[in-house]
Number of protein chains: 2
Amino acid sequence: MLRAAAVDVILSEGLNGFSLREVARRAGVSHAAPGYHFGDVRGLLTAVAIEGFETLRDELVRSGEGIDDPIERLTAIGRGYVRVATEHPAHCEVMFREDVIAVDDQRLAEVGLAAYGVLEAAVAAVAERYNPTLRIQDAARLCWSAMQGLVELGAKFAVLDGLRAEAPSTLDDHVEGFTTLIVNGLLHDASTAGSPRRKR
Amino acid sequence: MLRAAAVDVILSEGLNGFSLREVARRAGVSHAAPGYHFGDVRGLLTAVAIEGFETLRDELVRSGEGIDDPIERLTAIGRGYVRVATEHPAHCEVMFREDVIAVDDQRLAEVGLAAYGVLEAAVAAVAERYNPTLRIQDAARLCWSAMQGLVELGAKFAVLDGLRAEAPSTLDDHVEGFTTLIVNGLLHDASTAGSPRRKR
DNA sequence: GATTGATCGTGACGATGTCAAGATATGCGC
DNA sequence: GCGCATATCTTGACATCGTCACGATCAATC
């Protein structure tokens, strides 16, 4: 399949070494075949991104299944997010790269929204049981941003550890640290009542 | 200057439409001149990234200056981060793209570490005054990841608001929401004493 | 005044994305 | 079986790109 070949190329050549002709070569077809099916480099990469969001959505659902406590579930979903990122690095290298994929693709928007919905529902459950004043949208987006930022900066963190001659911390270590801090934040959020913060 | 022309091209053509020849065209030099000075596409983009980290470091320092309360200072630094990202989008499009820049560049590592140091110092100040048990490294990296994730996902959040027919929330809105939640988490972090979390 | 080094232009090569045109196969109505 | 439309893929071409080798220009230095 061309999509699989594309993932293969991203994996071994990186996203900037990516080329339709190399995909064609690995798939054993002519140099223009990928162009015919996906129209465009952008088209093929968009297809890969959609595939990524689908597995992300599925994996987030699967991560939370059977866990009753909302906080435990949210934490498990956080781990699931990073797990998807580490197990499907090629897909994740593309999923949020709006300069490379077709942002206006409808199916892409649908699946992305579905994946986000899983996360938001988990946050809503936390709010319902533990902190009704929590602003769910802010909280859910913070969770997503933190995990996405972690995925993106993970390599830099490792370099940082190296510069300080510390044992390099793994992605999993960071996930645990982050979720602890975030959960504490969610539990104690009382922004409407003015914790040590200002206006708005 | 070639670097300015490069930023110009990234801004108008995006990172994948970027080409040395277009940079040369806008700078009014021959098509191979950029290659001579920077050796490579990677070399030129790395120079842009270094420039970006320098202004990031300076801007973070400037954002925190004259603010006594550590929490206020950390919040201001968070805003500064996002401000740099919005005011220098071309630089930020490159700074964390390890597939496009020379990750082993020494000057790049230095400036990046310096910028991170500003953030970490701010977090350390919060810990010292408000919560001595706070794990500074986790906290600082969470702050960075959240802001970086926000910068990357900001566009997607706007699309999300659109799909729900809500008023699109700005980056600044998210910064305020995020910092509130994170600060709450930092203040109440007691992971060593087993808040509602598990082992490790 | 000759030389050296930095800076830049010119020309070439292979590789790439994309398009047009042709080839092949598959299914369908008759 | 036959004609035909459609899908799938190949082939060939073109402009563009990154990169390299080579030459030109010019300032500084000995």
# chains A, B, ... in the order shown; residues from 1 in each chain; ligands from 1
call {"tool": "residues_around", "arguments": {"residues": "Val48 of chain B", "least_positions_apart": "2", "cutoff": "8 Å", "atoms": "only C-alpha atoms (C1' of nucleotides)", "output": "tab-separated table (two decimals) with C-alpha atoms, in the first residue's frame"}}
result
chain	number	residue	atom	x	y	z
B	3	ARG	CA	18.72	35.67	7.16
B	6	ALA	CA	14.95	33.65	4.67
B	7	VAL	CA	12.49	34.74	7.34
B	44	LEU	CA	20.53	28.72	6.90
B	45	LEU	CA	17.51	27.48	8.81
B	46	THR	CA	19.71	26.69	11.80
B	50	ILE	CA	19.50	30.48	16.67
B	51	GLU	CA	18.26	33.99	16.06
B	52	GLY	CA	14.86	32.86	17.32
B	91	HIS	CA	11.49	31.76	13.62
B	94	VAL	CA	11.91	26.43	12.65
B	95	MET	CA	13.21	26.43	16.22
call {"tool": "closest_atom_pairs", "arguments": {"of": "chain A", "to": "chain B", "cutoff": "7 Å", "atoms": "only C-alpha atoms", "output": "CSV"}}
result
residue,atom,partner,partner_atom,distance
A:Gly14,CA,B:Asp99,CA,6.4
A:Leu15,CA,B:Asp99,CA,6.9
A:Asn16,CA,B:Asp99,CA,6.8
A:Asp99,CA,B:Gly14,CA,6.4
A:Val100,CA,B:Asn16,CA,6.9
A:Asp138,CA,B:Gly177,CA,5.7
A:Leu142,CA,B:Phe178,CA,5.9
A:Ser145,CA,B:Gly149,CA,4.0
A:Ala146,CA,B:Ala146,CA,4.1
A:Gln148,CA,B:Gly149,CA,5.3
A:Gly149,CA,B:Ser145,CA,4.0
A:Leu150,CA,B:Ser145,CA,5.2
A:Leu153,CA,B:Ser145,CA,6.9
A:His174,CA,B:Asp138,CA,6.8
A:Gly177,CA,B:Asp138,CA,5.7
A:Phe178,CA,B:Leu142,CA,5.9
A:Thr180,CA,B:Ser191,CA,6.8
A:Leu181,CA,B:Gly185,CA,5.0
A:Ile182,CA,B:Gly185,CA,5.7
A:Asn184,CA,B:Gly185,CA,4.6
A:Gly185,CA,B:Gly185,CA,3.4
A:Leu186,CA,B:Leu181,CA,6.4
A:His188,CA,B:Asn184,CA,6.1
A:Asp189,CA,B:Leu181,CA,6.1
A:Ser191,CA,B:Thr180,CA,6.8
call {"tool": "write_last_selection", "arguments": {"atoms": "N, CA and C atoms", "output": "PDB file, in the first residue's frame"}}
result
ATOM      1  N   GLY A  14      13.022  10.909   7.182  1.00  0.00           N
ATOM      2  CA  GLY A  14      12.553  12.147   7.787  1.00  0.00           C
ATOM      3  C   GLY A  14      11.550  12.831   6.886  1.00  0.00           C
ATOM      4  N   LEU A  15      10.921  13.860   7.428  1.00  0.00           N
ATOM      5  CA  LEU A  15       9.844  14.486   6.672  1.00  0.00           C
ATOM      6  C   LEU A  15      10.368  15.368   5.557  1.00  0.00           C
ATOM      7  N   ASN A  16      11.566  15.886   5.692  1.00  0.00           N
ATOM      8  CA  ASN A  16      12.052  16.753   4.629  1.00  0.00           C
ATOM      9  C   ASN A  16      12.770  15.960   3.534  1.00  0.00           C
ATOM     10  N   ASP A  99       1.528  23.009   7.693  1.00  0.00           N
ATOM     11  CA  ASP A  99       2.132  23.521   6.472  1.00  0.00           C
ATOM     12  C   ASP A  99       2.309  22.413   5.442  1.00  0.00           C
ATOM     13  N   VAL A 100       2.053  21.187   5.854  1.00  0.00           N
ATOM     14  CA  VAL A 100       2.369  20.050   5.008  1.00  0.00           C
ATOM     15  C   VAL A 100       1.129  19.247   4.641  1.00  0.00           C
ATOM     16  N   ASP A 138     -10.657  24.791  28.962  1.00  0.00           N
ATOM     17  CA  ASP A 138      -9.280  25.151  29.279  1.00  0.00           C
ATOM     18  C   ASP A 138      -8.498  23.930  29.733  1.00  0.00           C
ATOM     19  N   LEU A 142      -5.348  22.252  27.915  1.00  0.00           N
ATOM     20  CA  LEU A 142      -4.060  22.221  28.601  1.00  0.00           C
ATOM     21  C   LEU A 142      -3.468  20.808  28.552  1.00  0.00           C
ATOM     22  N   SER A 145      -2.232  20.173  25.042  1.00  0.00           N
ATOM     23  CA  SER A 145      -1.051  20.973  24.734  1.00  0.00           C
ATOM     24  C   SER A 145       0.169  20.443  25.453  1.00  0.00           C
ATOM     25  N   ALA A 146      -0.006  20.077  26.713  1.00  0.00           N
ATOM     26  CA  ALA A 146       1.133  19.599  27.482  1.00  0.00           C
ATOM     27  C   ALA A 146       1.683  18.317  26.875  1.00  0.00           C
ATOM     28  N   GLN A 148       1.254  17.214  23.790  1.00  0.00           N
ATOM     29  CA  GLN A 148       1.796  17.490  22.466  1.00  0.00           C
ATOM     30  C   GLN A 148       3.152  18.190  22.581  1.00  0.00           C
ATOM     31  N   GLY A 149       3.227  19.160  23.486  1.00  0.00           N
ATOM     32  CA  GLY A 149       4.495  19.838  23.706  1.00  0.00           C
ATOM     33  C   GLY A 149       5.567  18.863  24.166  1.00  0.00           C
ATOM     34  N   LEU A 150       5.160  17.956  25.029  1.00  0.00           N
ATOM     35  CA  LEU A 150       6.118  16.958  25.510  1.00  0.00           C
ATOM     36  C   LEU A 150       6.634  16.102  24.371  1.00  0.00           C
ATOM     37  N   LEU A 153       9.013  18.287  22.400  1.00  0.00           N
ATOM     38  CA  LEU A 153      10.229  18.730  23.076  1.00  0.00           C
ATOM     39  C   LEU A 153      11.015  17.588  23.713  1.00  0.00           C
ATOM     40  N   HIS A 174       8.419  11.880  32.175  1.00  0.00           N
ATOM     41  CA  HIS A 174       7.798  13.197  32.033  1.00  0.00           C
ATOM     42  C   HIS A 174       6.284  13.107  32.082  1.00  0.00           C
ATOM     43  N   GLY A 177       5.274  12.907  35.677  1.00  0.00           N
ATOM     44  CA  GLY A 177       5.437  14.191  36.345  1.00  0.00           C
ATOM     45  C   GLY A 177       4.390  15.204  35.906  1.00  0.00           C
ATOM     46  N   PHE A 178       4.143  15.243  34.617  1.00  0.00           N
ATOM     47  CA  PHE A 178       3.186  16.210  34.074  1.00  0.00           C
ATOM     48  C   PHE A 178       1.781  15.925  34.585  1.00  0.00           C
ATOM     49  N   THR A 180       0.793  14.372  37.171  1.00  0.00           N
ATOM     50  CA  THR A 180       0.662  14.708  38.590  1.00  0.00           C
ATOM     51  C   THR A 180       0.378  16.192  38.778  1.00  0.00           C
ATOM     52  N   LEU A 181       1.203  16.996  38.137  1.00  0.00           N
ATOM     53  CA  LEU A 181       1.043  18.443  38.282  1.00  0.00           C
ATOM     54  C   LEU A 181      -0.289  18.924  37.717  1.00  0.00           C
ATOM     55  N   ILE A 182      -0.639  18.412  36.565  1.00  0.00           N
ATOM     56  CA  ILE A 182      -1.874  18.867  35.940  1.00  0.00           C
ATOM     57  C   ILE A 182      -3.084  18.474  36.768  1.00  0.00           C
ATOM     58  N   ASN A 184      -3.224  17.938  39.912  1.00  0.00           N
ATOM     59  CA  ASN A 184      -3.291  18.838  41.061  1.00  0.00           C
ATOM     60  C   ASN A 184      -3.927  20.164  40.673  1.00  0.00           C
ATOM     61  N   GLY A 185      -3.548  20.657  39.521  1.00  0.00           N
ATOM     62  CA  GLY A 185      -4.114  21.915  39.061  1.00  0.00           C
ATOM     63  C   GLY A 185      -5.611  21.808  38.838  1.00  0.00           C
ATOM     64  N   LEU A 186      -6.031  20.715  38.224  1.00  0.00           N
ATOM     65  CA  LEU A 186      -7.460  20.546  37.948  1.00  0.00           C
ATOM     66  C   LEU A 186      -8.244  20.455  39.250  1.00  0.00           C
ATOM     67  N   HIS A 188      -7.581  21.658  42.158  1.00  0.00           N
ATOM     68  CA  HIS A 188      -7.595  22.864  42.985  1.00  0.00           C
ATOM     69  C   HIS A 188      -7.961  24.115  42.207  1.00  0.00           C
ATOM     70  N   ASP A 189      -8.396  23.928  40.984  1.00  0.00           N
ATOM     71  CA  ASP A 189      -8.743  25.111  40.191  1.00  0.00           C
ATOM     72  C   ASP A 189      -9.956  25.799  40.784  1.00  0.00           C
ATOM     73  N   SER A 191     -10.532  29.285  39.655  1.00  0.00           N
ATOM     74  CA  SER A 191     -10.159  30.552  39.030  1.00  0.00           C
ATOM     75  C   SER A 191     -11.266  31.589  39.154  1.00  0.00           C
TER      76      SER A 191
END
call {"tool": "interface_residues", "arguments": {"of": "chain C", "to": "chain A", "cutoff": "9 Å", "atoms": "only C-alpha atoms (C1' of nucleotides)", "output": "ChimeraX atom specification"}}
result
/C:16-18
call {"tool": "atom_distance", "arguments": {"atom1": "atom CA of Pro34 of chain B", "atom2": "atom CA of Thr55 of chain B"}}
result
22.8 Å
call {"tool": "closest_atom_pairs", "arguments": {"of": "chain D", "to": "chain A", "cutoff": "12 Å", "atoms": "only C-alpha atoms (C1' of nucleotides)", "output": "CSV"}}
result
residue,atom,partner,partner_atom,distance
D:DA7,C1',A:His37,CA,10.6
D:DT8,C1',A:Ala33,CA,8.6
D:DC9,C1',A:Ala33,CA,6.3
D:DT10,C1',A:Ser30,CA,6.3
D:DT11,C1',A:Ser30,CA,8.9
D:DG12,C1',A:Ala32,CA,11.1
call {"tool": "write_last_selection", "arguments": {"atoms": "N, CA and C atoms (P, O5', C5', C4', C3', O3' and C1' of nucleotides)", "output": "JSON list (two decimals), in the first residue's frame"}}
result
[["chain", "number", "residue", "atom", "x", "y", "z"],
["D", 7, "DA", "P", -13.86, 6.36, -12.50],
["D", 7, "DA", "O5'", -12.77, 5.26, -12.18],
["D", 7, "DA", "C5'", -13.18, 3.94, -11.84],
["D", 7, "DA", "C4'", -11.97, 3.04, -11.66],
["D", 7, "DA", "C3'", -10.81, 3.68, -10.88],
["D", 7, "DA", "O3'", -10.25, 2.71, -10.00],
["D", 7, "DA", "C1'", -10.05, 3.02, -13.02],
["D", 8, "DT", "P", -9.11, 3.15, -8.96],
["D", 8, "DT", "O5'", -7.77, 2.70, -9.67],
["D", 8, "DT", "C5'", -7.57, 1.32, -9.99],
["D", 8, "DT", "C4'", -6.35, 1.15, -10.85],
["D", 8, "DT", "C3'", -5.07, 1.80, -10.27],
["D", 8, "DT", "O3'", -4.11, 0.77, -10.02],
["D", 8, "DT", "C1'", -5.29, 2.22, -12.60],
["D", 9, "DC", "P", -2.85, 1.19, -9.07],
["D", 9, "DC", "O5'", -1.76, 1.55, -10.17],
["D", 9, "DC", "C5'", -1.33, 0.53, -11.05],
["D", 9, "DC", "C4'", -0.72, 1.11, -12.30],
["D", 9, "DC", "C3'", 0.56, 1.93, -12.09],
["D", 9, "DC", "O3'", 1.70, 1.09, -12.34],
["D", 9, "DC", "C1'", -0.83, 2.75, -13.86],
["D", 10, "DT", "P", 3.13, 1.81, -12.37],
["D", 10, "DT", "O5'", 3.33, 2.17, -13.90],
["D", 10, "DT", "C5'", 3.11, 1.18, -14.91],
["D", 10, "DT", "C4'", 3.55, 1.71, -16.26],
["D", 10, "DT", "C3'", 4.96, 2.33, -16.28],
["D", 10, "DT", "O3'", 5.68, 1.85, -17.41],
["D", 10, "DT", "C1'", 3.36, 3.91, -17.06],
["D", 11, "DT", "P", 7.22, 2.18, -17.56],
["D", 11, "DT", "O5'", 7.27, 3.35, -18.62],
["D", 11, "DT", "C5'", 6.32, 3.37, -19.70],
["D", 11, "DT", "C4'", 6.34, 4.71, -20.41],
["D", 11, "DT", "C3'", 7.69, 5.43, -20.41],
["D", 11, "DT", "O3'", 8.09, 5.64, -21.75],
["D", 11, "DT", "C1'", 5.94, 6.92, -19.79],
["D", 12, "DG", "P", 9.56, 6.22, -22.05],
["D", 12, "DG", "O5'", 9.29, 7.79, -22.23],
["D", 12, "DG", "C5'", 8.22, 8.22, -23.05],
["D", 12, "DG", "C4'", 7.98, 9.70, -22.87],
["D", 12, "DG", "C3'", 9.25, 10.56, -22.78],
["D", 12, "DG", "O3'", 9.16, 11.61, -23.73],
["D", 12, "DG", "C1'", 7.76, 11.09, -21.02]]
call {"tool": "atom_distance", "arguments": {"atom1": "atom CA of Arg107 of chain B", "atom2": "atom CA of Ala47 of chain B"}}
result
9.4 Å
call {"tool": "select_by_dssp", "arguments": {"residues": "segment 8-200 of chain A", "states": "helix (DSSP H, G or I)", "output": "ChimeraX atom specification"}}
result
/A:8-13,20-27,33-38,41-64,70-87,89-95,106-130,136-163,171-188,191-193
call {"tool": "write_last_selection", "arguments": {"atoms": "C-alpha atoms", "output": "CSV table (one decimal), in the first residue's frame"}}
result
chain,number,residue,atom,x,y,z
A,8,ASP,CA,8.2,3.9,5.7
A,9,VAL,CA,9.9,6.8,3.9
A,10,ILE,CA,9.1,9.3,6.7
A,11,LEU,CA,10.5,6.9,9.2
A,12,SER,CA,13.8,6.4,7.4
A,13,GLU,CA,14.3,9.7,5.5
A,20,LEU,CA,6.7,10.9,-3.8
A,21,ARG,CA,9.2,9.2,-6.1
A,22,GLU,CA,10.9,7.5,-3.2
A,23,VAL,CA,7.5,6.3,-2.0
A,24,ALA,CA,6.8,5.0,-5.5
A,25,ARG,CA,10.1,3.2,-5.5
A,26,ARG,CA,9.5,1.4,-2.3
A,27,ALA,CA,6.0,0.5,-3.3
A,33,ALA,CA,1.5,6.5,-9.4
A,34,PRO,CA,1.3,8.2,-5.9
A,35,GLY,CA,0.4,11.4,-7.6
A,36,TYR,CA,-2.4,9.8,-9.4
A,37,HIS,CA,-4.0,8.4,-6.2
A,38,PHE,CA,-3.4,11.2,-3.8
A,41,VAL,CA,2.4,15.4,-1.8
A,42,ARG,CA,0.0,17.2,0.5
A,43,GLY,CA,-2.7,14.7,-0.3
A,44,LEU,CA,-0.7,11.7,0.6
A,45,LEU,CA,0.6,13.2,3.8
A,46,THR,CA,-3.0,14.2,4.7
A,47,ALA,CA,-4.0,10.6,4.3
A,48,VAL,CA,-1.3,9.6,6.7
A,49,ALA,CA,-2.4,12.2,9.2
A,50,ILE,CA,-5.9,11.0,9.0
A,51,GLU,CA,-4.7,7.4,9.7
A,52,GLY,CA,-2.8,8.8,12.6
A,53,PHE,CA,-5.8,10.6,14.1
A,54,GLU,CA,-7.9,7.4,13.7
A,55,THR,CA,-5.4,5.3,15.7
A,56,LEU,CA,-5.1,8.1,18.2
A,57,ARG,CA,-8.8,8.2,18.8
A,58,ASP,CA,-9.0,4.4,19.0
A,59,GLU,CA,-6.1,4.2,21.4
A,60,LEU,CA,-7.4,7.0,23.7
A,61,VAL,CA,-10.7,5.2,23.9
A,62,ARG,CA,-9.0,1.9,24.6
A,63,SER,CA,-6.7,3.5,27.2
A,64,GLY,CA,-9.6,4.8,29.3
A,70,PRO,CA,-12.0,9.8,36.4
A,71,ILE,CA,-8.6,10.9,37.5
A,72,GLU,CA,-7.1,7.5,36.9
A,73,ARG,CA,-8.8,7.4,33.5
A,74,LEU,CA,-7.5,10.8,32.5
A,75,THR,CA,-4.0,9.8,33.5
A,76,ALA,CA,-4.3,6.7,31.5
A,77,ILE,CA,-5.4,8.6,28.5
A,78,GLY,CA,-2.4,10.9,28.9
A,79,ARG,CA,-0.2,7.9,28.8
A,80,GLY,CA,-2.1,6.6,25.8
A,81,TYR,CA,-1.4,9.8,24.0
A,82,VAL,CA,2.3,9.6,24.5
A,83,ARG,CA,2.3,5.9,23.7
A,84,VAL,CA,0.7,6.6,20.3
A,85,ALA,CA,3.3,9.2,19.7
A,86,THR,CA,6.1,6.9,20.4
A,87,GLU,CA,4.7,3.9,18.6
A,89,PRO,CA,6.3,8.5,15.2
A,90,ALA,CA,5.9,8.9,11.5
A,91,HIS,CA,2.2,9.6,11.7
A,92,CYS,CA,2.7,12.1,14.6
A,93,GLU,CA,5.3,13.9,12.6
A,94,VAL,CA,2.6,14.8,10.2
A,95,MET,CA,-0.6,15.1,12.1
A,106,GLN,CA,-13.1,17.5,6.1
A,107,ARG,CA,-12.3,13.9,7.1
A,108,LEU,CA,-9.2,15.1,8.9
A,109,ALA,CA,-11.2,17.6,10.9
A,110,GLU,CA,-13.8,15.0,11.8
A,111,VAL,CA,-11.3,12.4,13.1
A,112,GLY,CA,-9.3,15.1,14.9
A,113,LEU,CA,-12.4,16.4,16.6
A,114,ALA,CA,-13.3,12.8,17.6
A,115,ALA,CA,-9.9,12.2,19.2
A,116,TYR,CA,-10.2,15.5,21.1
A,117,GLY,CA,-13.7,14.6,22.2
A,118,VAL,CA,-12.3,11.5,24.0
A,119,LEU,CA,-10.0,13.7,26.0
A,120,GLU,CA,-12.6,16.3,26.7
A,121,ALA,CA,-15.0,13.8,28.0
A,122,ALA,CA,-12.4,12.4,30.4
A,123,VAL,CA,-11.8,15.9,31.7
A,124,ALA,CA,-15.5,16.5,32.1
A,125,ALA,CA,-15.8,13.4,34.2
A,126,VAL,CA,-13.0,14.7,36.5
A,127,ALA,CA,-14.8,18.0,36.8
A,128,GLU,CA,-18.1,16.4,37.6
A,129,ARG,CA,-16.8,14.3,40.4
A,130,TYR,CA,-14.1,16.4,41.9
A,136,ILE,CA,-13.5,22.0,31.1
A,137,GLN,CA,-12.4,23.5,27.8
A,138,ASP,CA,-9.3,25.2,29.3
A,139,ALA,CA,-8.4,22.0,31.2
A,140,ALA,CA,-8.8,19.7,28.2
A,141,ARG,CA,-6.8,21.9,26.0
A,142,LEU,CA,-4.1,22.2,28.6
A,143,CYS,CA,-3.8,18.4,28.8
A,144,TRP,CA,-3.6,18.2,25.1
A,145,SER,CA,-1.1,21.0,24.7
A,146,ALA,CA,1.1,19.6,27.5
A,147,MET,CA,1.3,16.1,25.9
A,148,GLN,CA,1.8,17.5,22.5
A,149,GLY,CA,4.5,19.8,23.7
A,150,LEU,CA,6.1,17.0,25.5
A,151,VAL,CA,6.1,14.9,22.4
A,152,GLU,CA,7.7,17.7,20.5
A,153,LEU,CA,10.2,18.7,23.1
A,154,GLY,CA,11.1,15.3,24.4
A,155,ALA,CA,14.2,15.1,22.3
A,156,LYS,CA,15.3,18.5,23.5
A,157,PHE,CA,14.8,17.5,27.1
A,158,ALA,CA,17.0,14.5,26.6
A,159,VAL,CA,19.7,16.8,25.2
A,160,LEU,CA,19.2,19.0,28.1
A,161,ASP,CA,19.8,16.2,30.5
A,162,GLY,CA,22.9,15.3,28.6
A,163,LEU,CA,24.3,18.8,28.9
A,171,LEU,CA,9.2,10.3,28.0
A,172,ASP,CA,7.3,8.2,30.4
A,173,ASP,CA,9.0,9.9,33.4
A,174,HIS,CA,7.8,13.2,32.0
A,175,VAL,CA,4.3,11.9,31.5
A,176,GLU,CA,4.1,10.9,35.1
A,177,GLY,CA,5.4,14.2,36.3
A,178,PHE,CA,3.2,16.2,34.1
A,179,THR,CA,0.0,14.4,34.9
A,180,THR,CA,0.7,14.7,38.6
A,181,LEU,CA,1.0,18.4,38.3
A,182,ILE,CA,-1.9,18.9,35.9
A,183,VAL,CA,-4.2,16.8,38.0
A,184,ASN,CA,-3.3,18.8,41.1
A,185,GLY,CA,-4.1,21.9,39.1
A,186,LEU,CA,-7.5,20.5,37.9
A,187,LEU,CA,-8.4,19.5,41.5
A,188,HIS,CA,-7.6,22.9,43.0
A,191,SER,CA,-10.2,30.6,39.0
A,192,THR,CA,-13.6,32.1,39.2
A,193,ALA,CA,-13.1,32.7,43.0
call {"tool": "atom_distance", "arguments": {"atom1": "atom CA of Ala102 of chain B", "atom2": "atom C1' of DA15 of chain C"}}
result
22.4 Å
call {"tool": "closest_residue", "arguments": {"among": "D:DC30, D:DA5, D:DA15, D:DA24", "to": "DC8 of chain C", "atoms": "only C-alpha atoms (C1' of nucleotides)"}}
result
D:DA24
call {"tool": "decode", "arguments": {"residues": "segment 125-148 of chain A", "atoms": "N, CA and C atoms", "output": "mmCIF file, in the first residue's frame"}}
result
data_model
loop_
_atom_site.group_PDB
_atom_site.id
_atom_site.type_symbol
_atom_site.label_atom_id
_atom_site.label_comp_id
_atom_site.auth_asym_id
_atom_site.auth_seq_id
_atom_site.Cartn_x
_atom_site.Cartn_y
_atom_site.Cartn_z
ATOM 1 N N ALA A 125 -15.475 14.356 33.115
ATOM 2 C CA ALA A 125 -15.773 13.413 34.193
ATOM 3 C C ALA A 125 -15.032 13.796 35.470
ATOM 4 N N VAL A 126 -13.790 14.225 35.312
ATOM 5 C CA VAL A 126 -13.035 14.685 36.480
ATOM 6 C C VAL A 126 -13.743 15.871 37.120
ATOM 7 N N ALA A 127 -14.161 16.800 36.294
ATOM 8 C CA ALA A 127 -14.827 17.988 36.807
ATOM 9 C C ALA A 127 -16.096 17.613 37.563
ATOM 10 N N GLU A 128 -16.845 16.712 36.970
ATOM 11 C CA GLU A 128 -18.134 16.374 37.567
ATOM 12 C C GLU A 128 -17.964 15.783 38.964
ATOM 13 N N ARG A 129 -16.970 14.911 39.086
ATOM 14 C CA ARG A 129 -16.846 14.267 40.392
ATOM 15 C C ARG A 129 -16.054 15.088 41.395
ATOM 16 N N TYR A 130 -15.011 15.784 40.887
ATOM 17 C CA TYR A 130 -14.084 16.374 41.851
ATOM 18 C C TYR A 130 -14.124 17.902 41.937
ATOM 19 N N ASN A 131 -14.476 18.550 40.848
ATOM 20 C CA ASN A 131 -14.362 20.006 40.871
ATOM 21 C C ASN A 131 -15.312 20.626 39.854
ATOM 22 N N PRO A 132 -16.554 20.832 40.254
ATOM 23 C CA PRO A 132 -17.588 21.322 39.337
ATOM 24 C C PRO A 132 -17.286 22.698 38.764
ATOM 25 N N THR A 133 -16.427 23.480 39.430
ATOM 26 C CA THR A 133 -16.150 24.819 38.916
ATOM 27 C C THR A 133 -15.081 24.810 37.828
ATOM 28 N N LEU A 134 -14.507 23.644 37.565
ATOM 29 C CA LEU A 134 -13.428 23.554 36.578
ATOM 30 C C LEU A 134 -13.914 23.985 35.199
ATOM 31 N N ARG A 135 -13.108 24.793 34.543
ATOM 32 C CA ARG A 135 -13.451 25.156 33.152
ATOM 33 C C ARG A 135 -12.917 24.044 32.253
ATOM 34 N N ILE A 136 -13.849 23.253 31.789
ATOM 35 C CA ILE A 136 -13.481 22.013 31.110
ATOM 36 C C ILE A 136 -12.657 22.258 29.860
ATOM 37 N N GLN A 137 -13.062 23.273 29.093
ATOM 38 C CA GLN A 137 -12.360 23.504 27.828
ATOM 39 C C GLN A 137 -10.905 23.869 28.054
ATOM 40 N N ASP A 138 -10.657 24.791 28.962
ATOM 41 C CA ASP A 138 -9.280 25.151 29.279
ATOM 42 C C ASP A 138 -8.498 23.930 29.733
ATOM 43 N N ALA A 139 -9.112 23.162 30.610
ATOM 44 C CA ALA A 139 -8.405 22.024 31.188
ATOM 45 C C ALA A 139 -8.062 20.995 30.121
ATOM 46 N N ALA A 140 -9.029 20.683 29.273
ATOM 47 C CA ALA A 140 -8.794 19.675 28.240
ATOM 48 C C ALA A 140 -7.697 20.133 27.290
ATOM 49 N N ARG A 141 -7.747 21.400 26.933
ATOM 50 C CA ARG A 141 -6.751 21.896 25.982
ATOM 51 C C ARG A 141 -5.373 21.988 26.624
ATOM 52 N N LEU A 142 -5.348 22.252 27.915
ATOM 53 C CA LEU A 142 -4.060 22.221 28.601
ATOM 54 C C LEU A 142 -3.468 20.808 28.552
ATOM 55 N N CYS A 143 -4.313 19.820 28.829
ATOM 56 C CA CYS A 143 -3.831 18.438 28.788
ATOM 57 C C CYS A 143 -3.253 18.111 27.414
ATOM 58 N N TRP A 144 -4.010 18.470 26.408
ATOM 59 C CA TRP A 144 -3.567 18.162 25.050
ATOM 60 C C TRP A 144 -2.264 18.894 24.725
ATOM 61 N N SER A 145 -2.232 20.173 25.042
ATOM 62 C CA SER A 145 -1.051 20.973 24.734
ATOM 63 C C SER A 145 0.169 20.443 25.453
ATOM 64 N N ALA A 146 -0.006 20.077 26.713
ATOM 65 C CA ALA A 146 1.133 19.599 27.482
ATOM 66 C C ALA A 146 1.683 18.317 26.875
ATOM 67 N N MET A 147 0.792 17.413 26.503
ATOM 68 C CA MET A 147 1.254 16.148 25.947
ATOM 69 C C MET A 147 1.880 16.367 24.576
ATOM 70 N N GLN A 148 1.254 17.214 23.790
ATOM 71 C CA GLN A 148 1.796 17.490 22.466
ATOM 72 C C GLN A 148 3.152 18.190 22.581
#
